[in-house]
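For reference, query_18.csv is printed below; it contains CSV, C-alpha atoms.
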```
chain,number,residue,atom,x,y,z
Z,1,MET,CA,144.6,161.4,130.6
Z,2,PRO,CA,140.9,160.5,130.4
Z,3,ILE,CA,139.8,157.1,131.6
Z,4,PRO,CA,138.0,155.1,128.9
Z,5,LEU,CA,134.2,154.8,129.6
Z,6,LEU,CA,132.4,151.5,130.3
Z,7,SER,CA,129.1,150.4,128.9
Z,8,CYS,CA,126.2,152.5,130.3
Z,9,ARG,CA,123.9,149.5,130.0
Z,10,VAL,CA,126.2,147.4,132.3
Z,11,HIS,CA,126.5,150.3,134.7
Z,12,ALA,CA,122.8,150.7,134.9
Z,13,THR,CA,122.1,147.0,135.5
Z,14,ALA,CA,121.6,145.9,139.1
Z,15,GLU,CA,124.3,144.0,141.0
Z,16,PRO,CA,123.9,140.2,141.1
Z,17,PRO,CA,121.6,139.5,144.0
Z,18,ILE,CA,123.2,136.4,145.5
Z,19,PRO,CA,126.7,137.9,146.0
Z,20,THR,CA,125.0,141.0,147.5
Z,21,ALA,CA,123.2,138.8,150.1
Z,22,ARG,CA,126.3,136.9,150.9
Z,23,ALA,CA,128.1,140.1,151.6
Z,24,TRP,CA,125.6,140.7,154.4
Z,25,ALA,CA,126.4,137.3,155.7
Z,26,ALA,CA,130.1,138.1,156.0
Z,27,ARG,CA,129.2,140.3,159.0
Z,28,TYR,CA,127.6,137.4,160.9
Z,29,ASP,CA,129.4,136.5,164.1
Z,30,GLY,CA,127.9,133.0,164.5
Z,31,ALA,CA,126.0,133.8,167.7
Z,32,ALA,CA,122.8,132.1,166.5
Z,33,GLY,CA,124.5,128.9,165.2
Z,34,PRO,CA,125.8,127.8,161.8
Z,35,MET,CA,124.8,130.0,158.9
Z,36,LEU,CA,121.6,128.8,157.1
Z,37,ASP,CA,122.0,129.6,153.4
Z,38,LEU,CA,118.6,129.5,151.6
Z,39,THR,CA,119.6,131.9,148.8
Z,40,GLN,CA,120.6,129.8,145.8
Z,41,ALA,CA,118.5,127.1,144.1
Z,42,VAL,CA,121.0,124.3,144.2
Z,43,PRO,CA,120.2,120.6,144.7
Z,44,GLY,CA,120.8,119.3,148.2
Z,45,TYR,CA,122.3,116.0,147.0
Z,46,PRO,CA,125.2,115.1,144.6
Z,47,ALA,CA,125.1,114.0,141.0
Z,48,HIS,CA,124.6,110.3,140.3
Z,49,PRO,CA,127.9,108.4,140.5
Z,50,GLY,CA,127.3,106.9,137.1
Z,51,LEU,CA,126.9,110.3,135.6
Z,52,LEU,CA,130.1,111.6,137.3
Z,53,ALA,CA,132.0,108.5,136.0
Z,54,ARG,CA,130.8,109.2,132.5
Z,55,LEU,CA,131.7,112.9,132.8
Z,56,ALA,CA,135.3,111.9,133.9
Z,57,GLU,CA,135.6,109.5,131.0
Z,58,ALA,CA,134.3,112.0,128.5
Z,59,ALA,CA,136.6,114.7,129.8
Z,60,GLY,CA,139.6,112.5,129.1
Z,61,SER,CA,138.6,111.8,125.6
Z,62,SER,CA,140.2,113.6,122.7
Z,63,ALA,CA,136.9,113.3,120.8
Z,64,THR,CA,135.0,115.6,123.2
Z,65,ALA,CA,137.9,118.1,123.2
Z,66,ALA,CA,137.2,119.0,119.6
Z,67,TYR,CA,134.6,121.4,118.4
Z,68,GLY,CA,131.1,120.0,118.2
Z,69,ALA,CA,127.9,120.8,116.3
Z,70,ILE,CA,126.7,124.4,116.7
Z,71,GLU,CA,123.2,123.2,117.8
Z,72,GLY,CA,124.6,120.5,120.1
Z,73,ASP,CA,125.7,116.9,119.7
Z,74,LEU,CA,123.2,114.7,118.0
Z,75,ALA,CA,123.2,112.0,120.7
Z,76,LEU,CA,122.0,114.5,123.3
Z,77,ARG,CA,119.5,116.2,121.1
Z,78,GLU,CA,118.0,112.8,120.2
Z,79,ALA,CA,117.8,111.7,123.9
Z,80,MET,CA,116.3,115.1,124.7
Z,81,ALA,CA,113.7,114.9,121.9
Z,82,THR,CA,112.7,111.4,123.0
Z,83,GLU,CA,112.3,112.4,126.6
Z,84,ILE,CA,110.3,115.5,125.7
Z,85,SER,CA,108.0,113.6,123.4
Z,86,HIS,CA,107.4,111.1,126.2
Z,87,PHE,CA,106.9,113.7,128.9
Z,88,TYR,CA,104.6,116.0,127.0
Z,89,GLU,CA,102.9,113.2,125.0
Z,90,ALA,CA,103.6,115.1,121.7
Z,91,PRO,CA,106.2,114.6,119.0
Z,92,VAL,CA,109.4,116.7,119.2
Z,93,ALA,CA,112.3,116.1,116.8
Z,94,PRO,CA,116.0,116.4,117.4
Z,95,ASP,CA,116.2,119.3,114.9
Z,96,GLN,CA,113.9,121.3,117.2
Z,97,VAL,CA,116.4,121.0,120.1
Z,98,ALA,CA,119.4,123.2,120.6
Z,99,ILE,CA,121.9,122.7,123.4
Z,100,THR,CA,123.3,125.7,125.2
Z,101,SER,CA,125.9,126.6,127.8
Z,102,GLY,CA,123.4,126.9,130.6
Z,103,CYS,CA,119.8,128.1,130.6
Z,104,ASN,CA,120.7,131.7,131.4
Z,105,LEU,CA,122.5,131.9,128.1
Z,106,ALA,CA,119.6,130.1,126.5
Z,107,PHE,CA,117.3,132.9,127.6
Z,108,ALA,CA,119.8,135.6,126.4
Z,109,MET,CA,120.0,134.0,123.0
Z,110,ALA,CA,116.3,133.4,122.7
Z,111,VAL,CA,115.2,137.0,123.5
Z,112,SER,CA,118.0,138.3,121.3
Z,113,VAL,CA,116.4,136.5,118.4
Z,114,LEU,CA,112.9,137.7,119.3
Z,115,ALA,CA,113.3,141.4,120.4
Z,116,GLY,CA,115.4,144.5,120.1
Z,117,SER,CA,115.8,147.8,121.8
Z,118,ARG,CA,112.6,149.3,120.2
Z,119,ASP,CA,110.5,146.3,121.3
Z,120,GLU,CA,109.2,145.2,124.7
Z,121,VAL,CA,109.2,141.9,126.6
Z,122,ILE,CA,106.5,141.2,129.2
Z,123,LEU,CA,107.9,139.9,132.5
Z,124,PRO,CA,105.5,138.9,135.2
Z,125,THR,CA,106.5,140.1,138.7
Z,126,PRO,CA,107.9,138.6,140.8
Z,127,TRP,CA,110.3,137.8,138.0
Z,128,TYR,CA,113.5,135.7,137.9
Z,129,PHE,CA,116.2,138.4,138.4
Z,130,ASN,CA,118.6,137.1,135.8
Z,131,HIS,CA,115.9,137.4,133.2
Z,132,ARG,CA,115.5,141.1,134.1
Z,133,MET,CA,119.2,141.7,134.2
Z,134,THR,CA,119.7,140.0,130.8
Z,135,LEU,CA,117.1,142.2,129.2
Z,136,GLU,CA,118.7,145.3,130.7
Z,137,LEU,CA,122.1,144.3,129.4
Z,138,LEU,CA,120.7,143.7,126.0
Z,139,GLY,CA,118.9,147.1,126.0
Z,140,ILE,CA,115.4,145.4,125.6
Z,141,PRO,CA,112.7,147.1,127.7
Z,142,ALA,CA,111.1,144.8,130.3
Z,143,VAL,CA,107.4,145.6,131.1
Z,144,PRO,CA,106.3,144.3,134.5
Z,145,LEU,CA,103.0,142.3,134.7
Z,146,PRO,CA,102.1,142.3,138.4
Z,147,LEU,CA,101.0,138.9,139.8
Z,148,ARG,CA,99.0,138.7,143.0
Z,149,ALA,CA,99.2,136.4,146.0
Z,150,GLU,CA,95.4,136.1,146.1
Z,151,ASP,CA,95.6,134.7,142.6
Z,152,GLY,CA,98.3,132.1,143.5
Z,153,PHE,CA,100.8,134.3,141.6
Z,154,LEU,CA,99.3,133.1,138.3
Z,155,PRO,CA,99.0,135.3,135.3
Z,156,ASP,CA,95.5,136.6,134.5
Z,157,PRO,CA,94.8,136.5,130.7
Z,158,ASP,CA,92.6,139.5,130.8
Z,159,ARG,CA,95.2,141.7,132.5
Z,160,LEU,CA,97.8,140.3,130.2
Z,161,ALA,CA,95.7,141.3,127.2
Z,162,SER,CA,95.5,144.8,128.5
Z,163,ALA,CA,99.3,145.0,129.0
Z,164,LEU,CA,100.1,143.9,125.4
Z,165,THR,CA,100.9,146.8,122.9
Z,166,PRO,CA,102.2,146.9,119.3
Z,167,ARG,CA,105.7,146.9,120.8
Z,168,SER,CA,105.2,143.7,122.7
Z,169,ARG,CA,107.3,140.9,121.2
Z,170,ALA,CA,107.4,138.2,123.8
Z,171,LEU,CA,105.9,137.1,127.1
Z,172,VAL,CA,108.2,135.2,129.5
Z,173,LEU,CA,106.7,132.6,131.9
Z,174,VAL,CA,108.5,130.4,134.4
Z,175,SER,CA,106.7,127.3,135.5
Z,176,PRO,CA,107.3,126.0,138.1
Z,177,ASN,CA,108.1,129.5,139.1
Z,178,ASN,CA,111.2,131.1,140.5
Z,179,PRO,CA,110.7,132.7,143.0
Z,180,THR,CA,107.2,131.6,144.1
Z,181,GLY,CA,107.1,127.9,143.1
Z,182,ALA,CA,103.7,128.4,141.5
Z,183,VAL,CA,102.8,126.0,138.7
Z,184,ILE,CA,100.7,127.4,135.8
Z,185,PRO,CA,97.7,124.9,135.1
Z,186,SER,CA,97.5,123.4,131.7
Z,187,ASP,CA,94.2,125.1,130.8
Z,188,LEU,CA,95.4,128.6,131.8
Z,189,LEU,CA,98.7,128.1,129.9
Z,190,ALA,CA,96.7,127.1,126.8
Z,191,ARG,CA,94.5,130.3,127.1
Z,192,ILE,CA,97.7,132.4,127.4
Z,193,ALA,CA,99.3,130.7,124.4
Z,194,ILE,CA,96.2,131.3,122.3
Z,195,LEU,CA,96.2,135.0,123.3
Z,196,CYS,CA,99.9,135.4,122.4
Z,197,ARG,CA,99.4,133.7,119.1
Z,198,GLU,CA,96.4,135.9,118.2
Z,199,ARG,CA,98.3,139.1,119.2
Z,200,GLY,CA,101.5,138.1,117.3
Z,201,VAL,CA,103.5,137.7,120.6
Z,202,TRP,CA,106.0,135.0,121.3
Z,203,LEU,CA,105.5,132.8,124.4
Z,204,VAL,CA,108.8,132.0,126.0
Z,205,LEU,CA,108.3,129.3,128.6
Z,206,ASP,CA,111.1,128.5,131.0
Z,207,GLU,CA,110.5,125.0,132.6
Z,208,THR,CA,113.9,124.7,134.4
Z,209,TYR,CA,112.1,123.0,137.3
Z,210,ARG,CA,109.8,120.8,135.3
Z,211,ASP,CA,111.3,117.5,136.7
Z,212,PHE,CA,110.1,118.6,140.2
Z,213,LEU,CA,106.4,118.9,139.2
Z,214,PRO,CA,104.0,116.9,141.3
Z,215,GLN,CA,103.5,113.6,139.5
Z,216,ASP,CA,99.9,112.9,138.6
Z,217,GLY,CA,100.4,110.9,135.4
Z,218,THR,CA,99.5,113.7,133.0
Z,219,SER,CA,101.5,116.1,130.8
Z,220,PRO,CA,101.9,119.6,132.4
Z,221,HIS,CA,100.6,121.2,129.2
Z,222,GLN,CA,99.7,120.4,125.6
Z,223,LEU,CA,101.6,123.3,123.8
Z,224,PHE,CA,103.7,120.9,121.7
Z,225,SER,CA,100.6,119.1,120.5
Z,226,GLU,CA,99.5,122.2,118.6
Z,227,PRO,CA,100.7,121.8,115.0
Z,228,SER,CA,102.0,125.3,114.6
Z,229,TRP,CA,103.7,125.7,118.0
Z,230,GLU,CA,107.0,126.5,116.4
Z,231,ASP,CA,105.6,129.8,115.1
Z,232,HIS,CA,104.9,131.3,118.5
Z,233,VAL,CA,106.4,129.2,121.3
Z,234,VAL,CA,110.0,129.0,122.5
Z,235,HIS,CA,110.8,126.6,125.4
Z,236,LEU,CA,113.8,126.7,127.8
Z,237,TYR,CA,115.2,123.9,130.0
Z,238,SER,CA,118.2,123.5,132.3
Z,239,PHE,CA,120.1,120.3,133.2
Z,240,SER,CA,121.5,122.0,136.3
Z,241,LYS,CA,118.8,121.1,138.8
Z,242,SER,CA,117.6,117.7,137.5
Z,243,TYR,CA,121.0,116.3,137.1
Z,244,CYS,CA,122.9,118.2,139.8
Z,245,LEU,CA,125.4,119.7,137.3
Z,246,PRO,CA,125.1,123.5,137.7
Z,247,GLY,CA,128.9,123.9,137.3
Z,248,HIS,CA,128.9,122.2,133.9
Z,249,ARG,CA,126.4,124.8,132.4
Z,250,VAL,CA,124.2,122.9,130.0
Z,251,GLY,CA,120.8,124.0,129.0
Z,252,ALA,CA,118.4,123.6,126.0
Z,253,ILE,CA,116.1,125.6,123.7
Z,254,LEU,CA,113.2,124.1,121.9
Z,255,GLY,CA,112.1,126.0,118.8
Z,256,GLY,CA,111.8,125.6,115.1
Z,257,GLY,CA,111.2,127.3,111.8
Z,258,ALA,CA,112.4,130.9,111.3
Z,259,PHE,CA,113.3,131.2,115.0
Z,260,ARG,CA,115.7,128.2,114.8
Z,261,GLN,CA,117.4,129.5,111.7
Z,262,ALA,CA,118.1,132.8,113.4
Z,263,LEU,CA,119.1,131.1,116.6
Z,264,LEU,CA,122.0,129.3,114.8
Z,265,LYS,CA,123.7,132.7,114.4
Z,266,LEU,CA,123.6,133.3,118.1
Z,267,LEU,CA,124.7,129.8,118.9
Z,268,ASP,CA,127.7,130.1,116.7
Z,269,SER,CA,128.8,133.6,117.7
Z,270,TRP,CA,128.1,133.4,121.5
Z,271,GLN,CA,129.2,129.9,122.4
Z,272,ILE,CA,130.2,127.8,119.3
Z,273,CYS,CA,129.2,124.7,121.1
Z,274,ALA,CA,128.3,123.7,124.7
Z,275,SER,CA,130.6,121.6,126.9
Z,276,ARG,CA,131.0,118.3,125.0
Z,277,PRO,CA,132.0,116.1,127.9
Z,278,ALA,CA,128.8,117.1,129.7
Z,279,GLN,CA,126.7,116.6,126.5
Z,280,ALA,CA,128.1,113.0,126.2
Z,281,ALA,CA,127.4,112.2,129.8
Z,282,LEU,CA,123.9,113.6,129.7
Z,283,ALA,CA,123.0,111.7,126.5
Z,284,TRP,CA,123.4,108.6,128.7
Z,285,ALA,CA,121.8,110.1,131.8
Z,286,ILE,CA,118.4,111.2,130.3
Z,287,PRO,CA,117.1,107.7,129.7
Z,288,ALA,CA,119.2,105.9,132.3
Z,289,LEU,CA,118.5,108.1,135.3
Z,290,ARG,CA,114.7,108.6,135.0
Z,291,GLU,CA,113.9,106.7,138.2
Z,292,TRP,CA,116.7,108.5,140.0
Z,293,ARG,CA,115.2,111.8,139.0
Z,294,HIS,CA,111.7,110.7,140.2
Z,295,GLY,CA,113.3,109.9,143.6
Z,296,ASN,CA,114.7,113.3,143.8
Z,297,ARG,CA,111.4,114.9,142.9
Z,298,ARG,CA,109.8,113.0,145.8
Z,299,LEU,CA,112.6,114.2,148.1
Z,300,MET,CA,111.9,117.8,147.1
Z,301,GLN,CA,108.2,117.3,147.8
Z,302,GLU,CA,109.1,116.0,151.2
Z,303,ARG,CA,111.3,119.0,151.9
Z,304,ALA,CA,108.4,121.3,150.9
Z,305,VAL,CA,106.2,119.4,153.4
Z,306,GLY,CA,108.9,119.7,156.0
Z,307,PHE,CA,109.3,123.5,155.4
Z,308,GLU,CA,105.5,124.0,155.8
Z,309,ARG,CA,105.5,121.9,159.0
Z,310,ALA,CA,108.5,123.8,160.5
Z,311,MET,CA,106.9,127.2,159.7
Z,312,ARG,CA,104.0,126.4,162.0
Z,313,ALA,CA,106.3,127.4,164.8
Z,314,ALA,CA,106.6,131.0,163.3
Z,315,PRO,CA,102.9,131.8,162.6
Z,316,ALA,CA,103.5,135.6,162.1
Z,317,TRP,CA,105.4,134.7,158.8
Z,318,LYS,CA,102.9,133.8,156.2
Z,319,ILE,CA,103.7,131.4,153.3
Z,320,ASP,CA,102.1,133.1,150.3
Z,321,SER,CA,103.3,130.4,147.9
Z,322,LEU,CA,105.2,127.1,148.1
Z,323,GLY,CA,106.4,124.7,145.5
Z,324,THR,CA,109.3,122.8,143.9
Z,325,TYR,CA,112.5,124.5,145.3
Z,326,PHE,CA,110.9,127.7,146.8
Z,327,ALA,CA,108.8,129.3,149.4
Z,328,TYR,CA,107.7,132.9,149.0
Z,329,LEU,CA,107.3,134.3,152.5
Z,330,ARG,CA,105.3,137.3,153.6
Z,331,LEU,CA,106.8,139.5,156.3
Z,332,PRO,CA,104.9,140.2,159.6
Z,333,GLU,CA,103.1,143.5,159.2
Z,334,ASP,CA,105.1,145.3,161.9
Z,335,LEU,CA,108.5,144.6,160.3
Z,336,PRO,CA,110.2,147.1,157.9
Z,337,ASP,CA,110.8,146.4,154.2
Z,338,ALA,CA,112.2,143.1,152.9
Z,339,LEU,CA,115.6,144.5,152.1
Z,340,SER,CA,116.2,145.6,155.7
Z,341,VAL,CA,114.8,142.4,157.0
Z,342,ALA,CA,116.9,140.2,154.8
Z,343,GLU,CA,120.1,142.1,155.6
Z,344,ASP,CA,119.3,141.8,159.4
Z,345,LEU,CA,118.5,138.1,159.1
Z,346,ALA,CA,121.9,137.5,157.4
Z,347,SER,CA,124.1,139.7,159.4
Z,348,ARG,CA,122.7,139.2,162.9
Z,349,HIS,CA,120.7,135.9,162.8
Z,350,GLY,CA,122.6,133.7,160.4
Z,351,LEU,CA,119.8,133.2,157.9
Z,352,LEU,CA,120.5,134.0,154.3
Z,353,THR,CA,117.4,134.7,152.2
Z,354,LEU,CA,116.7,136.9,149.1
Z,355,PRO,CA,114.4,139.9,149.6
Z,356,GLY,CA,111.4,140.4,147.3
Z,357,PRO,CA,112.7,143.6,145.7
Z,358,PHE,CA,115.4,141.5,144.0
Z,359,PHE,CA,112.5,140.0,142.0
Z,360,GLY,CA,111.0,143.2,140.8
Z,361,PRO,CA,108.7,146.1,141.8
Z,362,GLY,CA,105.9,145.6,144.4
Z,363,GLN,CA,107.7,142.8,146.3
Z,364,GLN,CA,108.8,144.8,149.4
Z,365,ARG,CA,106.8,142.5,151.8
Z,366,HIS,CA,108.3,139.2,150.7
Z,367,LEU,CA,111.4,137.0,151.1
Z,368,ARG,CA,112.3,134.0,148.9
Z,369,LEU,CA,113.6,131.0,150.7
Z,370,ALA,CA,115.2,128.2,148.6
Z,371,PHE,CA,114.7,125.1,150.7
Z,372,ALA,CA,116.0,122.5,148.1
Z,373,ASN,CA,119.4,122.2,149.8
Z,374,ALA,CA,118.1,122.4,153.4
Z,375,ALA,CA,118.0,119.2,155.3
Z,376,GLU,CA,115.8,118.6,158.3
Z,377,PRO,CA,118.2,120.2,160.9
Z,378,ALA,CA,118.2,123.5,158.9
Z,379,LEU,CA,114.4,123.5,158.4
Z,380,SER,CA,114.0,122.9,162.2
Z,381,ALA,CA,116.2,125.9,163.0
Z,382,LEU,CA,114.5,128.2,160.6
Z,383,PRO,CA,111.5,129.3,162.7
Z,384,GLN,CA,113.8,130.2,165.7
Z,385,ARG,CA,115.9,132.5,163.5
Z,386,LEU,CA,112.8,134.2,162.1
Z,387,THR,CA,111.1,134.6,165.4
Z,388,ALA,CA,114.3,136.0,167.0
Z,389,LEU,CA,114.4,138.8,164.4
Z,390,HIS,CA,110.7,139.5,164.9
Z,391,GLU,CA,111.0,139.7,168.7
Z,392,ALA,CA,114.1,141.9,168.5
Z,393,ALA,CA,112.4,144.3,166.1
Z,394,SER,CA,109.3,144.4,168.3
Z,395,ALA,CA,111.2,145.0,171.5
```

Now that the file is in, can you turn its structure into structure tokens?
Amino acid sequence: MPIPLLSCRVHATAEPPIPTARAWAARYDGAAGPMLDLTQAVPGYPAHPGLLARLAEAAGSSATAAYGAIEGDLALREAMATEISHFYEAPVAPDQVAITSGCNLAFAMAVSVLAGSRDEVILPTPWYFNHRMTLELLGIPAVPLPLRAEDGFLPDPDRLASALTPRSRALVLVSPNNPTGAVIPSDLLARIAILCRERGVWLVLDETYRDFLPQDGTSPHQLFSEPSWEDHVVHLYSFSKSYCLPGHRVGAILGGGAFRQALLKLLDSWQICASRPAQAALAWAIPALREWRHGNRRLMQERAVGFERAMRAAPAWKIDSLGTYFAYLRLPEDLPDALSVAEDLASRHGLLTLPGPFFGPGQQRHLRLAFANAAEPALSALPQRLTALHEAASA
């Protein structure tokens, strides 16, 4: 009797990177000390007690056990619109906000509205691996746009213009970036947005880590000040990092006009509504926990400084980029490719990282280290683990 076939798209999609890396760690014997896990971008501190209390209260309410509005509960959309208007110094309305079950699903729904199997989506490399996996699962071709360390891993508008074709439907940017931590300057982002608009290409901007931007008193960009932004910009956001609620899966999409009307179909068929207890708690948290979020931003900046300071003890490993949650580390020239190094670090030296090839082509000489959940003892032990591998490989 023949075995029923599975989807060829799913079969062709790469395995999830973090479980793959943790499988390497399962072979570690503990000889170098406790395992240091720098794979996943999770906050290194718990959610605010007031937020957890409101989550518990909302979870016990019959009101939040019922279906909610497809586009998200109004209280959260109003709080989000007010916060965005303040943060970006531009008016954003609640009916331009949609609440989703996490930002990965937000991306999947957004690109499903914008592109199909005969179109193309431009993904700068190194890319966020779940973006690439999602496009592959949807059957939407992803076109790599290589970014260079010497350019600060920032997109070059001239090279982007050359990469655009009649099949290009969207450009996806992540700022602050995962995996490099690079932040796209406002003037550069404005140039790219103008180029996309002139070429009839949507700009999808993922700002999951925006609450960890260096605070200088200015808006990170002016995209929402442009009167017709709804016609060419889609914005993504995640509550997981800023509010320490990754397990509750809440994200958001900003968009309007024809895009929003089409998005409602996806919202209804793919999720119906996002978790309502989490929505209720976050509607309170957005205005109430602003100072708490600012304190966490400063903590992440201190950890970035601590990471950079610790790495002075391992000078053969070059920090090519550093910011928000991440460091993008270049391997010493005499070491093999990043996949081999990452597996060896995990299985023999108790250091879990993600190798560059998980983030796209041309990344064989890099590792991503997520230092957000690494306290001072872990950062202090990091150079020793890296140096031990380097010395063993050179022996």

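When all atoms listed in the file are used to measure the gap to Ser61 of chain Z, the shortest distance among Z:Ala278, Z:Ala98, Z:Val305, Z:Ala170 belongs to Z:Ala278.
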
To one decimal place in Å, what is the distance between atom CA of Phe326 of chain Z and atom CA of His349 of chain Z?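 Distance between the two atoms: 20.5 Å.
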
Please produce, as JSON lines, a per-residue contact table for segment 112-149 of chain Z versus segment 204-226 of chain Z (criterion: any atom at most 12 Å away, all atoms listed in the file considered), showing the nearest atom pair and its distance in Å to one decimal, sorted by chain then residue number.
```
{"residue": "Z:Val113", "atom": "CA", "partner": "Z:Val204", "partner_atom": "CA", "distance": 11.7}
{"residue": "Z:Leu114", "atom": "CA", "partner": "Z:Val204", "partner_atom": "CA", "distance": 9.7}
{"residue": "Z:Ala115", "atom": "CA", "partner": "Z:Val204", "partner_atom": "CA", "distance": 11.8}
{"residue": "Z:Val121", "atom": "CA", "partner": "Z:Val204", "partner_atom": "CA", "distance": 9.9}
{"residue": "Z:Ile122", "atom": "CA", "partner": "Z:Val204", "partner_atom": "CA", "distance": 10.0}
{"residue": "Z:Leu123", "atom": "CA", "partner": "Z:Val204", "partner_atom": "CA", "distance": 10.3}
{"residue": "Z:Pro124", "atom": "CA", "partner": "Z:Val204", "partner_atom": "CA", "distance": 12.0}
{"residue": "Z:Trp127", "atom": "CA", "partner": "Z:Asp206", "partner_atom": "CA", "distance": 11.7}
{"residue": "Z:Tyr128", "atom": "CA", "partner": "Z:Asp206", "partner_atom": "CA", "distance": 10.3}
{"residue": "Z:His131", "atom": "CA", "partner": "Z:Asp206", "partner_atom": "CA", "distance": 10.3}
```

Could you give me, as a tab-separated table, a per-residue list for segment 163-209 of chain Z showing, wherever an atom lies at most 12 Å from an atom of segment 368-373 of chain Z, the closest pair of atoms and their distance in Å to one decimal, using all atoms listed in the file and sorting by chain then residue number from low to high?
```
residue	atom	partner	partner_atom	distance
Z:Asn177	CA	Z:Arg368	CA	11.6
Z:Asn178	CA	Z:Arg368	CA	9.0
Z:Pro179	CA	Z:Arg368	CA	6.2
Z:Thr180	CA	Z:Arg368	CA	7.4
Z:Gly181	CA	Z:Ala370	CA	9.8
Z:Tyr209	CA	Z:Ala372	CA	11.5
```

Now that the selection is made, can you save its residues with C-alpha atoms as a compact mmCIF listing (two decimals), in the frame of the given file?
```txt
# COMPACT_ATOMS: atom_id res chain seq x y z
CA ASN Z 177 108.10 129.50 139.10
CA ASN Z 178 111.20 131.10 140.50
CA PRO Z 179 110.70 132.70 143.00
CA THR Z 180 107.20 131.60 144.10
CA GLY Z 181 107.10 127.90 143.10
CA TYR Z 209 112.10 123.00 137.30
```

Distance query Ser7 of chain Z at most 12 Å, all atoms listed in the file, self and fewer than 4 positions along chain excluded, as an mmCIF file with C-alpha atoms, keeping the file's coordinate frame:
```cif
data_model
loop_
_atom_site.group_PDB
_atom_site.id
_atom_site.type_symbol
_atom_site.label_atom_id
_atom_site.label_comp_id
_atom_site.auth_asym_id
_atom_site.auth_seq_id
_atom_site.Cartn_x
_atom_site.Cartn_y
_atom_site.Cartn_z
ATOM 1 C CA HIS Z 11 126.500 150.300 134.700
ATOM 2 C CA ALA Z 12 122.800 150.700 134.900
ATOM 3 C CA THR Z 13 122.100 147.000 135.500
ATOM 4 C CA GLU Z 136 118.700 145.300 130.700
ATOM 5 C CA LEU Z 137 122.100 144.300 129.400
ATOM 6 C CA LEU Z 138 120.700 143.700 126.000
ATOM 7 C CA GLY Z 139 118.900 147.100 126.000
#
```

Starting from the incomplete input, reconstruct all heavy atoms of segment 129-133 of chain Z and write that as a compact mmCIF listing (two decimals), in the frame of the given file.
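Result written to part-v1.txt:
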```txt
# COMPACT_ATOMS: atom_id res chain seq x y z
N PHE Z 129 115.35 137.17 138.56
CA PHE Z 129 116.20 138.40 138.40
C PHE Z 129 117.14 138.32 137.26
O PHE Z 129 117.44 139.35 136.64
CB PHE Z 129 116.90 138.70 139.74
CG PHE Z 129 117.60 137.54 140.39
CD1 PHE Z 129 118.78 137.04 139.89
CD2 PHE Z 129 117.07 136.96 141.53
CE1 PHE Z 129 119.43 135.99 140.50
CE2 PHE Z 129 117.71 135.91 142.16
CZ PHE Z 129 118.89 135.42 141.64
N ASN Z 130 117.68 137.13 136.92
CA ASN Z 130 118.60 137.10 135.80
C ASN Z 130 117.91 137.35 134.46
O ASN Z 130 118.54 137.84 133.52
CB ASN Z 130 119.30 135.71 135.74
CG ASN Z 130 120.43 135.58 136.74
OD1 ASN Z 130 120.71 134.50 137.23
ND2 ASN Z 130 121.09 136.69 137.07
N HIS Z 131 116.61 137.04 134.36
CA HIS Z 131 115.90 137.40 133.20
C HIS Z 131 115.84 138.95 133.02
O HIS Z 131 116.10 139.50 131.95
CB HIS Z 131 114.45 136.88 133.20
CG HIS Z 131 114.37 135.41 132.94
ND1 HIS Z 131 113.20 134.68 133.11
CD2 HIS Z 131 115.31 134.51 132.53
CE1 HIS Z 131 113.43 133.41 132.80
NE2 HIS Z 131 114.69 133.28 132.46
N ARG Z 132 115.53 139.61 134.12
CA ARG Z 132 115.50 141.10 134.10
C ARG Z 132 116.86 141.67 133.79
O ARG Z 132 116.98 142.61 132.98
CB ARG Z 132 114.96 141.60 135.43
CG ARG Z 132 114.99 143.12 135.57
CD ARG Z 132 114.02 143.77 134.59
NE ARG Z 132 114.05 145.22 134.68
CZ ARG Z 132 114.82 146.00 133.93
NH1 ARG Z 132 115.63 145.48 133.03
NH2 ARG Z 132 114.77 147.31 134.07
N MET Z 133 117.89 141.14 134.43
CA MET Z 133 119.20 141.70 134.20
C MET Z 133 119.66 141.47 132.74
O MET Z 133 120.26 142.36 132.13
CB MET Z 133 120.23 140.95 135.13
CG MET Z 133 120.07 141.29 136.60
SD MET Z 133 121.12 140.27 137.67
CE MET Z 133 122.75 140.89 137.22
```
